[in-house]
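Colleague: Quick one: the structure is below, and I'll ask about it shortly.
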Amino acid sequence: MPLLSFRNKLLLSMVTLVAIGSATTLLVTQEKMREAYEGLFDDSIQAQIKYIPKEQENRLSEVKRRARELADSPAFVIALQSRDGDQLYRQAREELRKVLGGELERGPEDVAAAQRATATPVPPTARTPMAPLAPAPAIAKTSRPAGKQAPAARVREAAFVVFLDQTGKPLEPTNPRWKPYLRSEARHSFQQQLTALITTLRSLPAQQVGYFDVEFEKGRKRLLEVVVTPVLDPETQELLALLAIAFPYFDRGEQTLSDVSDIDNGVWLYDTLHTRTIVDQGARAELTRLLPRELADHPNEAQPDFIIQLGGVPQRVFYAKINPDSSLPAAYKVGLYSWKNAHEAERDLRRQILALSALTLLGALILCMVITHNFTVPIRQLVAGTAEIQKNNFAVRVPVRQRDEFGQLAESFNAMAEGLAQKEKYHHLLNLMADREVAEQLLQSPLALSGETREVSIIFCDIRGFSTLTQSMPPQKIVAVLNEHMTALTRIVYQHEGVVDKYVGDMLMALFGAPKSYGDDALHAAQCALRLLAARAELNRTSAHQIHIGIAITTGTVVAGCMGSSDRVSYTVIGERVNLASRLCQQAGSMEILIDENTRERLADRAEVTSLPDMRLKGLTDSVHAFRLNAITVKAPSVPI
């Protein structure tokens with residue numbers, strides 16, 4: 001894949017920046033809009049949460065007060081202690097008539113009085129009580145202007161009034177005239193639910209509100225709001241009975257809230273959703289599926305992020321306990337908040353931002369193309385010039401077209417190319433005049449090759465009979481023969497980790513261990529010497545001139561460093577081992593290698609040698625014991641000539 005040009009990169013960067021800016025703007029705006037809608041949602045939730053206890057208190061405060069007064073009545077306690085069901089229901093009717101109506105509105109005396117007035121006996125089976133759920137009207141007497149009649153006030157009607165003893169058994173009246181009011185499958189179901197909770201009810205610390213659902217018609221349940229009041233013995237404070245008053249649950253704010261806002265709501269109890277405003281069957285089914293899991297995971301907290309999808313539109317769901325302090329079964333107020341308007345507003349905003357971003361991007365591209373036109377030409381020239389530098393063409397120059405930063409860059413490039421050309425010339429000359437390893441260290445730091453004591457192995461290699469061989473050759477031929485010879489030998493020295501110290505006429509001097517040691521320098525020197533003989537023998541088979549060499553190797557401590565004058569220096573070594581190597585080389589025969597005792601000791605049993613008689617060498621006071629090196633048992637690396 002080809003690399004992008006500078007211009008294309010700049011265009012791509014501009015597109016990316018505009019895209020990032022547009023995306024950021026879109027995300028931030030959407031987030032702000034979402035926060036605004038969530039704020040409305042939270043306000044609605046808080047309104048609902050604050051509304052729940054207030055509305056409950058408005059509905060039940062009078063009932064709770066009257067029920068508490070009844071439970072504290074001495075006559076009522078006596079009736080409970082005597083288990084007089086008739087008296088219990090009679091007192092309940094008298095005390096609670098003003099707040100209940102309905103179930104206890106008419107007692108046996110009322111039935112008897114009606115019979116006497118009509119003089120028509122009514123058989124027990126024909127006595128029909130007031131429907132438990134029918135409204136019981138009462139007239140509120142207030143002062144009104146003449147000619148205007150006061151409107152009828154609605155008296156809260158109880159569905160059931162039930163008394164339970166400590167074991168959960170209902171306390172029923174004995175008078176048969178009460179029986180028609182107590183015979184009902186719905187009432188029996190309600191009493192069974194209370195009895196099933198008797199363990200919890202016995203331990204109620206005070207009056208509490210609970211919620212039950214009872215099937216009044218086949219397949220149709222009604223939600224009941226129940227006030228449970230414990231009746232205690234005034235002396236022992238032991239539980240005598242429980243008074244349970246159940247009302248059909250009616251939340252006046254449910255329909256109102258649905259009408260004035262986007263929230264539909266209801267009550268969740270026993271895996272059943274009771275609602276008049278959530279009419280969508282899909283919503284009911286989804287809530288019925290998800291609410292049990294949500295309530296199990298978070299039983300005591302509202303979850304504003306609980307979302308269901310209906311027709312592709314998210315609906316946010318909240319729920320809150322409507323009897324949080326009660327030990328009775330938990331009931332939850334459930335709200336369903338539609339985000340349809342929020343989605344439509346967000347979609348419109350997204351279209352507007354994307355359209356504006358497209359126009360901005362188009363303008364940015366046009367402007368960027370105009371600006372980058374003046375950039376690309378000098379950059380391409382610099383790229384082409386750099387490619388020439390990489391090819392070691394230091395003569396390349398780029399034109400200076402402008403007097404801005406690009407012009408300064410072109411001038412700097414030309415100056416750099418000129419400097420590189422000069423440096424390359426010096427480097428080439430240095431490599432020719434000194435060993436390459438010495439040259440590299442000199443380039444890195446001239447102080448690195450200052451004088452030091454090192455242990456090295458030294459090779460002297462000399463041509464035998466060179467004067468006789470070249471006495472009739474022209475100078476150019478002599479130089480060509482020497483260059484061919486020294487080139488082959490120098491390559492072998494390098495391949496064995498050696499350094500060429502100097503060329504003296506037809507003699508080559510090489511070092512192993514200075515200026516850098518590669519370890520086991522004596523072995524490297526011995527292997528190199530054997531390879532020098534082999535290489536010379538190979539050249540003699542192809543060369544027009546037969547050349548024979550003699551080699552000497554010595555090992556020991558020398559002084560190494562750059563030596564010479566303040567104007568010119570060369571890296572070399574000096575010491576007794578150097579002189580010995582020179583003298584041994586003079587004693588070596590044609591195609592023969594001589595080594596000293598130190599080298600023999602370093603090689604140990606890895607070398608095959610022949611001991612020679614002690615020698616008296618010029619310039620040395622003591623005789624020298626030398627060895628002829630025949631072979632190295634350690635396999636040397638295969639090195640091409």
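To be explicit about the labels: the chains of the structure tokens are called A, B, and onward in the order shown, and within each one the residues are counted from 1, while ligands get numbers from 1 in the order they are shown.
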Determine, for each residue of segment 305-338 of chain A having at least one atom at most 12 Å from an atom of segment 199-203 of chain A, the closest pair of atoms and their separation in Å to one decimal, counting only C-alpha atoms; order by chain and ascending number, as CSV.
Modeller:
```
residue,atom,partner,partner_atom,distance
A:Ser326,CA,A:Thr200,CA,10.3
A:Ser327,CA,A:Thr200,CA,6.9
A:Leu328,CA,A:Thr200,CA,7.3
A:Pro329,CA,A:Thr200,CA,9.8
```
Colleague: Given the selection you just returned, output its residues as a file containing C-alpha atoms, formatted as a tab-separated table (two decimals), in the first residue's frame.
Modeller:
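Final output, saved to selection-v2.tsv:
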```tsv
chain	number	residue	atom	x	y	z
A	326	SER	CA	-44.77	-1.99	56.36
A	327	SER	CA	-44.08	-5.64	57.16
A	328	LEU	CA	-46.91	-6.64	54.84
A	329	PRO	CA	-46.30	-7.73	51.23
```
Colleague: What is the atom CA of Ala92 of chain A-atom CA of Asp72 of chain A distance in Å, reported with one decimal?
Modeller: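 Rounded to one decimal, the two atoms are 12.2 Å apart.
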Colleague: For Met14 of chain A, find every residue with an atom within 10 Å (counting only C-alpha atoms), except residues of its own chain fewer than 5 positions away, and show them as a ChimeraX atom specification.
Modeller: /A:8-9,19-20,361,364-365,368
Colleague: Where does segment 493-524 of chain A meet segment 569-586 of chain A within 12 Å, residue by residue, with the nearest atom pair and distance in Å to one decimal for each, counting only C-alpha atoms, listed by chain and rising number, as CSV?
Modeller:
```
residue,atom,partner,partner_atom,distance
A:Val499,CA,A:Thr572,CA,10.0
A:Val500,CA,A:Thr572,CA,9.4
A:Asp501,CA,A:Thr572,CA,5.9
A:Lys502,CA,A:Thr572,CA,8.0
A:Tyr503,CA,A:Thr572,CA,11.6
A:Val504,CA,A:Ser582,CA,11.4
A:Met507,CA,A:Cys585,CA,9.6
A:Leu508,CA,A:Ser582,CA,10.4
A:Met509,CA,A:Ser582,CA,9.0
A:Ala510,CA,A:Thr572,CA,9.7
A:Leu511,CA,A:Val573,CA,8.5
A:Phe512,CA,A:Val573,CA,11.1
A:Gly513,CA,A:Val573,CA,11.0
A:Ala514,CA,A:Val573,CA,8.5
A:Pro515,CA,A:Tyr571,CA,8.8
```
Colleague: Between atom CA of Val209 of chain A and atom CA of Val227 of chain A, what is the distance in Å, rounded to a tenth?
Modeller: 4.7 Å
Colleague: Under the rule that only C-alpha atoms are counted, which of A:Leu171, A:Ala345, A:Leu295, A:Ile492 is the nearest residue to Ala320 of chain A?
Modeller: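 Of the candidates, the smallest distance to Ala320 of chain A is held by A:Leu295.
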Colleague: Taking 5 positions as the minimum chain separation for residues in the same chain, which residues sit within 12 Å of Leu26 of chain A when counting only C-alpha atoms? Answer as a list in words.
Modeller: Val18, Ala19, Ile20, Gly21, Glu31, Lys32, Met33, Arg34, Glu346, Arg347, Asp348, Leu349, Arg350, Arg351, Gln352, Ile353, Leu354, Ala355, Leu356 and Ser357 of chain A
Colleague: Pick out each residue of segment 261-339 of chain A that DSSP on the backbone tags as helix (DSSP H, G or I); I need them as a ChimeraX atom specification.
Modeller: /A:281-297
Colleague: Atoms to include: C-alpha atoms. Write the selected residues as a PDB file, in the first residue's frame.
Modeller:
```pdb
ATOM      1  CA  GLN A 281     -50.589  -4.864  25.960  1.00  0.00           C
ATOM      2  CA  GLY A 282     -46.967  -4.987  24.823  1.00  0.00           C
ATOM      3  CA  ALA A 283     -45.971  -2.665  27.654  1.00  0.00           C
ATOM      4  CA  ARG A 284     -47.912  -4.753  30.154  1.00  0.00           C
ATOM      5  CA  ALA A 285     -46.293  -7.958  28.922  1.00  0.00           C
ATOM      6  CA  GLU A 286     -42.779  -6.470  28.967  1.00  0.00           C
ATOM      7  CA  LEU A 287     -43.240  -5.037  32.449  1.00  0.00           C
ATOM      8  CA  THR A 288     -44.634  -8.350  33.676  1.00  0.00           C
ATOM      9  CA  ARG A 289     -41.558 -10.081  32.296  1.00  0.00           C
ATOM     10  CA  LEU A 290     -38.906  -7.643  33.564  1.00  0.00           C
ATOM     11  CA  LEU A 291     -40.230  -6.269  36.839  1.00  0.00           C
ATOM     12  CA  PRO A 292     -39.774  -9.475  38.906  1.00  0.00           C
ATOM     13  CA  ARG A 293     -36.106  -9.641  37.957  1.00  0.00           C
ATOM     14  CA  GLU A 294     -35.528  -5.932  38.614  1.00  0.00           C
ATOM     15  CA  LEU A 295     -37.275  -6.097  41.978  1.00  0.00           C
ATOM     16  CA  ALA A 296     -35.257  -9.164  42.947  1.00  0.00           C
ATOM     17  CA  ASP A 297     -31.988  -7.406  42.090  1.00  0.00           C
TER      18      ASP A 297
END
```
Colleague: Please report the interatomic distance between atom CA of Leu11 of chain A and atom CA of Leu362 of chain A in Å with one decimal.
Modeller: 11.1 Å
Colleague: Counting only C-alpha atoms, what is within 9 Å of Lys64 of chain A, bar same-chain residues fewer than 2 positions away, as a PyMOL selection string?
Modeller: chain A and resi 60-62+66-69+207-208+227-229
Colleague: Quick one: residues within 10 Å of segment 211-215 of chain A, only C-alpha atoms, excluding same-chain residues fewer than 3 positions away - as a count of residues only?
Modeller: 35
Colleague: If we count only C-alpha atoms, what is near segment 399-410 of chain A at a cut-off of 10 Å, once residues fewer than 6 positions away on the same chain are taken out, given as a PyMOL selection string?
Modeller: chain A and resi 374-375+377-379+381-382+385+416
Colleague: Can I get the selected residues back with C-alpha atoms, as a PDB file, in the first residue's frame?
Modeller:
```pdb
ATOM      1  CA  ASN A 374       2.410  25.731  -1.790  1.00  0.00           C
ATOM      2  CA  PHE A 375       3.564  23.080   0.666  1.00  0.00           C
ATOM      3  CA  VAL A 377       6.236  21.280  -4.183  1.00  0.00           C
ATOM      4  CA  PRO A 378       9.137  22.102  -1.798  1.00  0.00           C
ATOM      5  CA  ILE A 379       8.367  19.012   0.278  1.00  0.00           C
ATOM      6  CA  GLN A 381      11.855  18.333  -3.760  1.00  0.00           C
ATOM      7  CA  LEU A 382      13.200  17.722  -0.265  1.00  0.00           C
ATOM      8  CA  GLY A 385      16.936  15.214  -2.406  1.00  0.00           C
ATOM      9  CA  MET A 416      23.723  19.485   5.257  1.00  0.00           C
TER      10      MET A 416
END
```
Colleague: DSSP on the backbone, then: every residue of segment 416-573 of chain A marked strand (DSSP E or B), written as a ChimeraX atom specification.
Modeller: /A:452-464,499-504,507-512,548-564,569-573
